[in-house]
2 protein chains.
Amino acid sequence: VEALVVRHGPPRTVRFLNNYAAPQPTPGEVIVRVRLAGICATDLEIVRGYMSFSGVPGHEFVGTVIDGSQRLRDRRVVAEINCVCGNCDMCSRGLSSHCRRRTVLGIQNRDGAFAELLSVPERNCHVVPDEVSDEQAVFTEPLAAAVQVVKLQPVDRWTDVTVIGSGRLGLLVAQVLKLQGCRLQVVGRNPRTLAFCERRGIQPIELTELVPKATRDVVVECTGSPEGLRLAIQLCRPRGTIVLKSTYAQPAPADLTPIVVNELHVLGSRCGPFPEALQLLRQRQVEVEEMISRTYPLKMGVQAFEAAASPQEIKVLLRPGGA
Amino acid sequence: VEALVVRHGPPRTVRFLNNYAAPQPTPGEVIVRVRLAGICATDLEIVRGYMSFSGVPGHEFVGTVIDGSQRLRDRRVVAEINCVCGNCDMCSRGLSSHCRRRTVLGIQNRDGAFAELLSVPERNCHVVPDEVSDEQAVFTEPLAAAVQVVKLQPVDRWTDVTVIGSGRLGLLVAQVLKLQGCRLQVVGRNPRTLAFCERRGIQPIELTELVPKATRDVVVECTGSPEGLRLAIQLCRPRGTIVLKSTYAQPAPADLTPIVVNELHVLGSRCGPFPEALQLLRQRQVEVEEMISRTYPLKMGVQAFEAAASPQEIKVLLRPGGA
């Protein structure tokens with residue numbers, strides 16, 4: 001089958017293959033034909049060596065189940081990315097997304113979605129409502145991660161919130177926060193994405209015009225850069241909360257003393273609830289299609305990765321040839 | 001008056017003077033004759049340049065009020081270290097320890113306690129009960145900071161807690177946690193302080209024998225070192241909590257990705273409630289006198305600082321000559 005394949009190396013390589021082995025499902029798994037997949041920052045880190053991953057990357061996708069489940073056959077689905085054991089201390093205590101023995105689609109010991117076909121546990125799948133297009137559904141995973149921010153840190157109309165970063169993730173997080181009615185600002189560098197915020201009624205702030213004051217109740221860091229973390233610490237008021245949404249590819253040297261002196265709360269946040277994300281898409285409460293910069297055929301995956309790394313692009317999608 | 005004086009410089013100097021100007025109280029302040037003062041890690045950082053402080057360091061003390069208040073005259077007192085405006089947004093919202101215009105005894109724009117006399121706001125003072133000795137009372141400030149840990153992060157008998165660092169602060173934090181009945185371990189390097197833990201019924205773990213696993217519900221970092229932070233991140237279970245108790249003199253380069261991936265909560269914690277600390281001392285629920293390594297006369301303050309920097313010493317105290 002067609003697939004984009006990373007070899008951790010050395011040397012590290014990223015190549016398109018049209019003769020990659022078809023996935024072999026284990027019991028409880030279904031085979032999904034990928035309709036559309038999205039490239040996110042984690043994928044860009046993975047091709048730079050993050051997680052020492054070898055195999056097919058990709059964890060944001062929508063596809064059609066072609067085998068392995070009567071119930072789901074021919075249905076359009078999206079799938080949660082953590083494939084879990086069900087038995088370890090985390091699974092048995094209701095934290096299965098932190099399963100000690102998990103594999104993660106396209107991230108950890110399991111092939112992902114930048115391929116014609118992939119295999120996923122049936123229980124990870126969520127059926128996509130008919131009203132939700134493929135172009136919307138492919139955002140389910142990152143939108144769920146955005147929803148998780150307000151699960152971990154509820155906000156309301158009295159909460160001053162700043163999102164740092166107006167990229168792919170920042171725009172989703174900002175839209176979810178906006179729905180809560182909080183007093184929201186998004187700090188970014190890209191005029192196009194800041195204009196997107198403005199159209200959605202979200203106050204955009206150009207990074208170079210920001211005068212950081214420690215006044216924000218909640219700051220959500222969506223850049224994954226040491227500069228983003230430093231800015232978050234500067235913006236957050238004493239006893240306020242910083243939510244870290246992005247992984248840091250390198251150790252980020254940051255002065256953590258203000259976290260102690262200002263008694264900040266720092267919350268790490270990763271995956272979120274798919275049902276709520278699908279609901280937001282179905283009700284069109286979050287605009288995602290406008291965020292799509294380009295869609296490449298899978299065989300141009302290497303070029304698509306280069307495009308996705310450009311600050312000019314927002315969301316870059318991949319479409320397998322057979323889809 | 002006698003005082004130990006830091007000049008931020010350059011060059012940075014720490015000297016004992018016997019002709020330092022007596023404090024000039026402003027309205028609402030009292031003059032305190034220092035009976036006994038303690039050296040903590042923040043003081044050691046201050047003489048290395050932290051906060052660019054110039055003046056008299058020292059913020060842990062017990063003294064006798066000699067002027068400025070009828071009510072407190074001749075009473076033994078301890079004093080909270082944040083001197084606040086009462087008017088800013090933090091003060092008016094009940095977070096006066098984060099006052100935007102605060103001065104801090106011996107740390108920020110205000111002379112501290114390594115002197116014969118100091119001036120403090122009357123409202124900062126707490127009368128020391130007769131049953132509490134000077135040697136106990138001098139621990140009120142750091143013990144209050146230790147109490148703050150369980151204010152921010154309540155624990156109970158089902159909570160697995162690790163304290164990293166068996167120094168001055170770690171031993172106080174561990175004793176406060178022990179009172180909550182949690183399942184407690186203290187990781188340290190000093191056989192003497194680890195033996196202190198054992199005598200108090202707290203499980204000691206020698207750092208070199210620790211095999212870090214991500215299983216602890218709560219980890220309290222009391223070393224202020226990048227290694228301590230890294231170890232805290234390794235020990236904390238997914239969705240667990242790390243409490244940072246110590247300031248970091250240098251930017252600590254740490255891999256923060258596990259905070260995101262494991263969805264950790266990181267809480268900074270600084271000052272705590274004096275009344276509860278005095279209560280714990282009065283009821284002898286926390287053992288502090290055994291933690292005293294040595295008491296130096298103030299005029300040997302420079303040597304006392306050198307001693308306090310040694311890992312062999314626990315608490316080093318200073319006693320002004322006139323006290």
# chains A, B, ... in the order shown; residues from 1 in each chain; ligands from 1
>>> interface_residues(of="chain B", to="chain A", cutoff="10 Å", atoms="only C-alpha atoms", output="VMD selection string")
chain B and resid 89 to 90 95 97 to 100 152 214 to 215 224 226 237 to 239 241 to 271
>>> select_by_dssp(residues="segment 231-314 of chain B", states="alpha helix (DSSP H)", output="MDAnalysis selection string")
chainID B and resid 231:235 257:261 274:282 301:308
>>> write_last_selection(atoms="N, CA and C atoms", output="compact mmCIF listing (two decimals), in the first residue's frame")
# COMPACT_ATOMS: atom_id res chain seq x y z
N LEU B 231 14.18 14.99 38.41
CA LEU B 231 13.79 13.80 39.17
C LEU B 231 12.30 13.85 39.52
N ALA B 232 11.82 15.03 39.87
CA ALA B 232 10.39 15.18 40.18
C ALA B 232 9.54 14.75 38.99
N ILE B 233 9.94 15.17 37.79
CA ILE B 233 9.19 14.83 36.58
C ILE B 233 9.22 13.32 36.34
N GLN B 234 10.34 12.68 36.68
CA GLN B 234 10.45 11.23 36.51
C GLN B 234 9.60 10.46 37.51
N LEU B 235 9.46 10.98 38.71
CA LEU B 235 8.78 10.25 39.78
C LEU B 235 7.27 10.40 39.74
N THR B 257 8.57 18.31 28.20
CA THR B 257 7.62 17.51 27.44
C THR B 257 6.85 16.52 28.31
N PRO B 258 7.50 15.84 29.27
CA PRO B 258 6.71 14.92 30.10
C PRO B 258 5.59 15.62 30.89
N ILE B 259 5.74 16.91 31.16
CA ILE B 259 4.66 17.63 31.83
C ILE B 259 3.41 17.62 30.96
N VAL B 260 3.63 17.78 29.64
CA VAL B 260 2.50 17.77 28.70
C VAL B 260 2.01 16.34 28.47
N VAL B 261 2.94 15.43 28.15
CA VAL B 261 2.55 14.06 27.78
C VAL B 261 1.88 13.37 28.97
N PHE B 274 1.35 31.91 59.07
CA PHE B 274 2.09 31.93 60.34
C PHE B 274 1.30 31.34 61.51
N PRO B 275 0.00 31.64 61.65
CA PRO B 275 -0.71 31.12 62.83
C PRO B 275 -0.66 29.60 62.91
N GLU B 276 -0.82 28.92 61.76
CA GLU B 276 -0.78 27.45 61.80
C GLU B 276 0.62 26.94 62.12
N ALA B 277 1.63 27.64 61.63
CA ALA B 277 3.00 27.22 61.93
C ALA B 277 3.27 27.37 63.43
N LEU B 278 2.86 28.48 64.02
CA LEU B 278 3.07 28.68 65.46
C LEU B 278 2.32 27.62 66.27
N GLN B 279 1.13 27.28 65.81
CA GLN B 279 0.34 26.24 66.47
C GLN B 279 1.06 24.89 66.45
N LEU B 280 1.63 24.54 65.30
CA LEU B 280 2.37 23.27 65.19
C LEU B 280 3.57 23.27 66.12
N LEU B 281 4.24 24.43 66.25
CA LEU B 281 5.40 24.51 67.13
C LEU B 281 4.96 24.41 68.59
N ARG B 282 3.88 25.10 68.93
CA ARG B 282 3.39 25.11 70.30
C ARG B 282 3.00 23.71 70.75
N GLY B 301 28.89 36.48 60.98
CA GLY B 301 27.89 36.18 59.95
C GLY B 301 28.48 35.63 58.67
N VAL B 302 29.63 36.17 58.25
CA VAL B 302 30.21 35.71 56.99
C VAL B 302 30.58 34.24 57.10
N GLN B 303 31.20 33.87 58.24
CA GLN B 303 31.53 32.45 58.45
C GLN B 303 30.25 31.61 58.54
N ALA B 304 29.23 32.16 59.16
CA ALA B 304 27.97 31.42 59.29
C ALA B 304 27.38 31.10 57.91
N PHE B 305 27.48 32.07 57.00
CA PHE B 305 27.00 31.83 55.63
C PHE B 305 27.79 30.71 54.97
N GLU B 306 29.11 30.71 55.19
CA GLU B 306 29.91 29.62 54.61
C GLU B 306 29.47 28.29 55.17
N ALA B 307 29.24 28.24 56.47
CA ALA B 307 28.79 26.99 57.10
C ALA B 307 27.44 26.57 56.53
N ALA B 308 26.53 27.52 56.38
CA ALA B 308 25.18 27.20 55.91
C ALA B 308 25.20 26.64 54.49
>>> residues_around(residues="segment 165-174 of chain A", least_positions_apart="5", cutoff="7 Å", atoms="only C-alpha atoms", output="ChimeraX atom specification")
/A:142-143,146,186-188,193-194,222-223,314-315
>>> write_last_selection(atoms="N, CA, C and O atoms", output="compact mmCIF listing (two decimals), in the first residue's frame")
# COMPACT_ATOMS: atom_id res chain seq x y z
N PRO A 142 -7.20 17.06 16.97
CA PRO A 142 -6.67 18.28 17.60
C PRO A 142 -7.75 19.12 18.29
O PRO A 142 -7.48 19.78 19.29
N LEU A 143 -8.98 19.08 17.78
CA LEU A 143 -10.05 19.82 18.44
C LEU A 143 -10.36 19.21 19.81
O LEU A 143 -10.59 19.94 20.79
N ALA A 146 -7.94 20.45 22.11
CA ALA A 146 -8.27 21.84 22.49
C ALA A 146 -9.37 21.86 23.55
O ALA A 146 -9.32 22.64 24.51
N VAL A 186 -5.46 36.46 21.69
CA VAL A 186 -4.53 35.52 21.07
C VAL A 186 -3.31 36.29 20.62
O VAL A 186 -3.42 37.29 19.90
N VAL A 187 -2.14 35.84 21.07
CA VAL A 187 -0.88 36.48 20.68
C VAL A 187 -0.25 35.65 19.57
O VAL A 187 -0.09 34.43 19.72
N GLY A 188 0.09 36.31 18.46
CA GLY A 188 0.70 35.57 17.36
C GLY A 188 1.55 36.47 16.48
O GLY A 188 1.68 37.68 16.74
N THR A 193 -3.37 34.44 10.34
CA THR A 193 -4.08 33.73 11.41
C THR A 193 -4.65 34.72 12.43
O THR A 193 -5.70 34.48 13.02
N LEU A 194 -3.96 35.85 12.61
CA LEU A 194 -4.52 36.87 13.51
C LEU A 194 -5.80 37.45 12.91
O LEU A 194 -6.76 37.74 13.63
N CYS A 222 0.66 27.50 23.27
CA CYS A 222 0.42 26.61 22.12
C CYS A 222 1.56 26.64 21.11
O CYS A 222 1.37 26.21 19.97
N THR A 223 2.73 27.15 21.48
CA THR A 223 3.81 27.22 20.49
C THR A 223 4.83 26.10 20.64
O THR A 223 5.52 25.76 19.69
N ILE A 314 -1.23 27.18 7.45
CA ILE A 314 -1.89 26.79 8.69
C ILE A 314 -1.98 25.26 8.65
O ILE A 314 -0.99 24.59 8.90
N LYS A 315 -3.13 24.72 8.21
CA LYS A 315 -3.25 23.25 8.23
C LYS A 315 -2.97 22.69 6.84
O LYS A 315 -3.55 23.14 5.86
>>> closest_residue(among="B:Val150, B:Val65, B:Val104, B:Val34", to="Pro320 of chain B", atoms="only C-alpha atoms")
B:Val34
>>> residues_around(residues="Arg101 of chain A", least_positions_apart="6", cutoff="10 Å", atoms="only C-alpha atoms", output="PyMOL selection string")
chain A and resi 82-88+90-91
>>> write_last_selection(atoms="C-alpha atoms", output="mmCIF file, in the first residue's frame")
data_model
loop_
_atom_site.group_PDB
_atom_site.id
_atom_site.type_symbol
_atom_site.label_atom_id
_atom_site.label_comp_id
_atom_site.auth_asym_id
_atom_site.auth_seq_id
_atom_site.Cartn_x
_atom_site.Cartn_y
_atom_site.Cartn_z
ATOM 1 C CA ASN A 82 -3.907 5.857 22.372
ATOM 2 C CA CYS A 83 -4.128 2.080 21.979
ATOM 3 C CA VAL A 84 -4.261 0.706 25.501
ATOM 4 C CA CYS A 85 -3.845 -2.553 27.407
ATOM 5 C CA GLY A 86 -6.882 -2.294 29.691
ATOM 6 C CA ASN A 87 -5.026 -3.969 32.560
ATOM 7 C CA CYS A 88 -2.285 -1.735 33.940
ATOM 8 C CA MET A 90 -3.527 3.527 34.736
ATOM 9 C CA CYS A 91 -6.156 1.652 32.704
#
>>> residues_around(residues="Cys182 of chain B", least_positions_apart="3", cutoff="7 Å", atoms="only C-alpha atoms", output="count of residues only")
9
>>> select_by_dssp(residues="segment 103-304 of chain B", states="strand (DSSP E or B)", output="VMD selection string")
chain B and resid 103 to 104 108 115 117 to 121 125 to 127 160 to 164 183 to 188 203 to 206 216 to 221 236 to 244 252 to 254 265 to 268 292 to 297
>>> residues_around(residues="Gly106 of chain A", least_positions_apart="5", cutoff="6 Å", atoms="only C-alpha atoms", output="list in words")
Val56, Pro57, Gly58, His59, Asp111 and Gly112 of chain A
>>> write_last_selection(atoms="N, CA, C and O atoms", output="PDB file, in the first residue's frame")
ATOM      1  N   VAL A  56       5.093   4.557  10.039  1.00  0.00           N
ATOM      2  CA  VAL A  56       4.217   5.509   9.355  1.00  0.00           C
ATOM      3  C   VAL A  56       3.729   6.530  10.377  1.00  0.00           C
ATOM      4  O   VAL A  56       3.052   6.159  11.343  1.00  0.00           O
ATOM      5  N   PRO A  57       4.059   7.817  10.224  1.00  0.00           N
ATOM      6  CA  PRO A  57       3.522   8.817  11.156  1.00  0.00           C
ATOM      7  C   PRO A  57       2.070   9.152  10.809  1.00  0.00           C
ATOM      8  O   PRO A  57       1.498   8.580   9.878  1.00  0.00           O
ATOM      9  N   GLY A  58       1.490  10.090  11.550  1.00  0.00           N
ATOM     10  CA  GLY A  58       0.131  10.535  11.265  1.00  0.00           C
ATOM     11  C   GLY A  58      -0.863  10.027  12.294  1.00  0.00           C
ATOM     12  O   GLY A  58      -0.966   8.818  12.517  1.00  0.00           O
ATOM     13  N   HIS A  59      -1.565  10.945  12.943  1.00  0.00           N
ATOM     14  CA  HIS A  59      -2.559  10.524  13.939  1.00  0.00           C
ATOM     15  C   HIS A  59      -3.849  11.323  13.845  1.00  0.00           C
ATOM     16  O   HIS A  59      -4.785  11.084  14.584  1.00  0.00           O
ATOM     17  N   ASP A 111       2.037   2.037  13.560  1.00  0.00           N
ATOM     18  CA  ASP A 111       1.887   2.814  12.336  1.00  0.00           C
ATOM     19  C   ASP A 111       0.653   3.699  12.393  1.00  0.00           C
ATOM     20  O   ASP A 111      -0.380   3.321  12.957  1.00  0.00           O
ATOM     21  N   GLY A 112       0.795   4.875  11.783  1.00  0.00           N
ATOM     22  CA  GLY A 112      -0.268   5.855  11.797  1.00  0.00           C
ATOM     23  C   GLY A 112      -0.965   6.017  10.461  1.00  0.00           C
ATOM     24  O   GLY A 112      -1.025   5.067   9.661  1.00  0.00           O
TER      25      GLY A 112
END
>>> residues_around(residues="Pro11 of chain A", least_positions_apart="2", cutoff="12 Å", atoms="only C-alpha atoms", output="MDAnalysis selection string")
chainID A and resid 6:9 13:14 47:49 54
>>> atom_distance(atom1="atom CA of Glu60 of chain A", atom2="atom CA of Phe196 of chain A")
22.0 Å
